[in-house]
$ cat start10.cif   # mmCIF, C-alpha atoms
data_entry
#
loop_
_atom_site.group_PDB
_atom_site.id
_atom_site.type_symbol
_atom_site.label_atom_id
_atom_site.label_comp_id
_atom_site.auth_asym_id
_atom_site.auth_seq_id
_atom_site.Cartn_x
_atom_site.Cartn_y
_atom_site.Cartn_z
ATOM 1 C CA MET A 1 0.000 0.000 0.000
ATOM 2 C CA THR A 2 2.848 2.420 0.700
ATOM 3 C CA GLU A 3 4.074 1.999 -2.886
ATOM 4 C CA CYS A 4 0.720 3.155 -4.182
ATOM 5 C CA GLU A 5 0.681 6.380 -2.152
ATOM 6 C CA PRO A 6 3.361 8.123 -4.287
ATOM 7 C CA CYS A 7 1.423 7.077 -7.377
ATOM 8 C CA GLU A 8 -1.731 8.615 -5.939
ATOM 9 C CA LYS A 9 0.140 11.841 -5.131
ATOM 10 C CA LYS A 10 1.534 11.981 -8.679
ATOM 11 C CA HIS A 11 -1.942 11.354 -10.029
ATOM 12 C CA GLU A 12 -3.395 14.115 -7.829
ATOM 13 C CA ASN A 13 -0.618 16.500 -8.888
ATOM 14 C CA ILE A 14 -1.241 15.752 -12.545
ATOM 15 C CA LEU A 15 -4.994 16.258 -12.089
ATOM 16 C CA LYS A 16 -4.391 19.586 -10.325
ATOM 17 C CA MET A 17 -1.957 20.674 -13.015
ATOM 18 C CA LEU A 18 -4.437 19.734 -15.745
ATOM 19 C CA GLY A 19 -7.190 21.599 -13.898
ATOM 20 C CA ASP A 20 -4.973 24.686 -13.681
ATOM 21 C CA LEU A 21 -4.120 24.344 -17.357
ATOM 22 C CA ASN A 22 -7.791 24.055 -18.227
ATOM 23 C CA ARG A 23 -8.586 27.253 -16.295
ATOM 24 C CA ASP A 24 -5.695 29.092 -17.962
ATOM 25 C CA LEU A 25 -6.746 27.932 -21.409
ATOM 26 C CA GLU A 26 -10.347 29.005 -20.742
ATOM 27 C CA LYS A 27 -9.138 32.471 -19.729
ATOM 28 C CA MET A 28 -6.978 32.715 -22.858
ATOM 29 C CA LEU A 29 -9.879 31.518 -24.992
ATOM 30 C CA GLU A 30 -12.128 34.207 -23.513
ATOM 31 C CA GLU A 31 -9.494 36.846 -24.258
ATOM 32 C CA THR A 32 -9.083 35.496 -27.789
ATOM 33 C CA GLU A 33 -12.846 35.617 -28.284
ATOM 34 C CA LYS A 34 -12.870 39.239 -27.116
ATOM 35 C CA LEU A 35 -10.056 40.039 -29.547
ATOM 36 C CA SER A 36 -11.953 38.267 -32.318
ATOM 37 C CA VAL A 37 -15.025 40.401 -31.679
ATOM 38 C CA GLN A 38 -12.852 43.512 -31.699
ATOM 39 C CA ALA A 39 -11.262 42.427 -34.972
ATOM 40 C CA THR A 40 -14.691 41.864 -36.502
ATOM 41 C CA TRP A 41 -15.837 45.340 -35.518
ATOM 42 C CA MET A 42 -12.585 46.824 -36.790
ATOM 43 C CA ALA A 43 -13.046 45.092 -40.128
ATOM 44 C CA TYR A 44 -16.630 46.345 -40.319
ATOM 45 C CA ASP A 45 -15.541 49.886 -39.538
ATOM 46 C CA MET A 46 -12.795 49.652 -42.150
ATOM 47 C CA VAL A 47 -15.287 48.628 -44.803
ATOM 48 C CA VAL A 48 -17.647 51.418 -43.779
ATOM 49 C CA MET A 49 -14.990 54.132 -43.534
ATOM 50 C CA ARG A 50 -12.614 52.716 -46.169
ATOM 51 C CA THR A 51 -10.091 55.505 -45.823
ATOM 52 C CA ASN A 52 -9.131 55.630 -42.155
ATOM 53 C CA PRO A 53 -5.497 54.418 -41.866
ATOM 54 C CA ALA A 54 -5.761 54.205 -38.057
ATOM 55 C CA ILE A 55 -8.037 51.197 -38.388
ATOM 56 C CA SER A 56 -5.524 49.255 -40.479
ATOM 57 C CA ASN A 57 -2.861 50.005 -37.862
ATOM 58 C CA SER A 58 -5.197 48.721 -35.153
ATOM 59 C CA VAL A 59 -5.847 45.530 -37.101
ATOM 60 C CA ARG A 60 -2.105 44.980 -37.499
ATOM 61 C CA ARG A 61 -1.575 45.466 -33.757
ATOM 62 C CA LEU A 62 -4.452 43.100 -33.055
ATOM 63 C CA GLU A 63 -3.026 40.465 -35.394
ATOM 64 C CA THR A 64 0.325 40.763 -33.627
ATOM 65 C CA ALA A 65 -1.361 40.405 -30.230
ATOM 66 C CA VAL A 66 -3.274 37.309 -31.366
ATOM 67 C CA LEU A 67 -0.080 35.708 -32.697
ATOM 68 C CA LYS A 68 1.752 36.444 -29.425
ATOM 69 C CA CYS A 69 -1.148 34.972 -27.461
ATOM 70 C CA LYS A 70 -1.099 31.841 -29.622
ATOM 71 C CA GLU A 71 2.665 31.457 -29.144
ATOM 72 C CA GLU A 72 2.278 31.860 -25.364
ATOM 73 C CA VAL A 73 -0.462 29.221 -25.224
ATOM 74 C CA GLU A 74 1.704 26.793 -27.207
ATOM 75 C CA LYS A 75 4.728 27.527 -25.000
ATOM 76 C CA ASN A 76 2.720 27.029 -21.792
ATOM 77 C CA TRP A 77 1.281 23.792 -23.132
ATOM 78 C CA GLN A 78 4.767 22.482 -23.984
ATOM 79 C CA ASP A 79 6.059 23.489 -20.530
ATOM 80 C CA ILE A 80 3.238 21.620 -18.832
ATOM 81 C CA GLN A 81 3.840 18.564 -20.967
ATOM 82 C CA CYS A 82 7.533 18.620 -20.018
ATOM 83 C CA GLU A 83 6.647 18.967 -16.315
ATOM 84 C CA SER A 84 4.229 16.051 -16.455
ATOM 85 C CA LYS A 85 6.886 13.870 -18.129
ATOM 86 C CA LYS A 86 9.367 14.695 -15.358
ATOM 87 C CA GLN A 87 6.937 13.529 -12.680
#

$ encode --input "start10.cif" --output "structure tokens"
Amino acid sequence: MTECEPCEKKHENILKMLGDLNRDLEKMLEETEKLSVQATWMAYDMVVMRTNPAISNSVRRLETAVLKCKEEVEKNWQDIQCESKKQ
């Protein structure tokens, strides 16, 4: 029975880590959804205004932010996978 206790602790740690990851991914997804809505409105405004260069700059900044967010999510996911392999 004592041999099984470390396994249970590892299992609990992994479950906690996966729960934390799930919460983090949900938060990032919410932020991405907000950015997506903003991008949609920016695109709509650009079509309506057609000549406002500030909107195209905003879209570029938004695209950069989305790409950085995606890279961070991938990096965090790889870090968590490495941590789970070590345990």

$ atom_distance --input "start10.cif" --atom1 "atom CA of Met28 of chain A" --atom2 "atom CA of Val66 of chain A"
10.4 Å

$ closest_residue --input "start10.cif" --among "A:Cys7, A:Ala39, A:Asn76, A:Glu33" --to "Asp20 of chain A" --atoms "only C-alpha atoms"
A:Asn76

$ atom_distance --input "start10.cif" --atom1 "atom CA of Asn13 of chain A" --atom2 "atom CA of Lys68 of chain A"
28.7 Å

$ resolve_selection --input "start10.cif" --expression "the PyMOL selection byres ((chain A and resi 60-63) around 12)" --output "ChimeraX atom specification"
/A:31-32,34-43,53-59,64-70

$ atom_distance --input "start10.cif" --atom1 "atom CA of Gln81 of chain A" --atom2 "atom CA of Pro6 of chain A"
19.7 Å

$ residues_near_point --input "start10.cif" --point "(4.8, 19.8, -14.4)" --cutoff "12 Å" --atoms "only C-alpha atoms" --output "count of residues only"
23
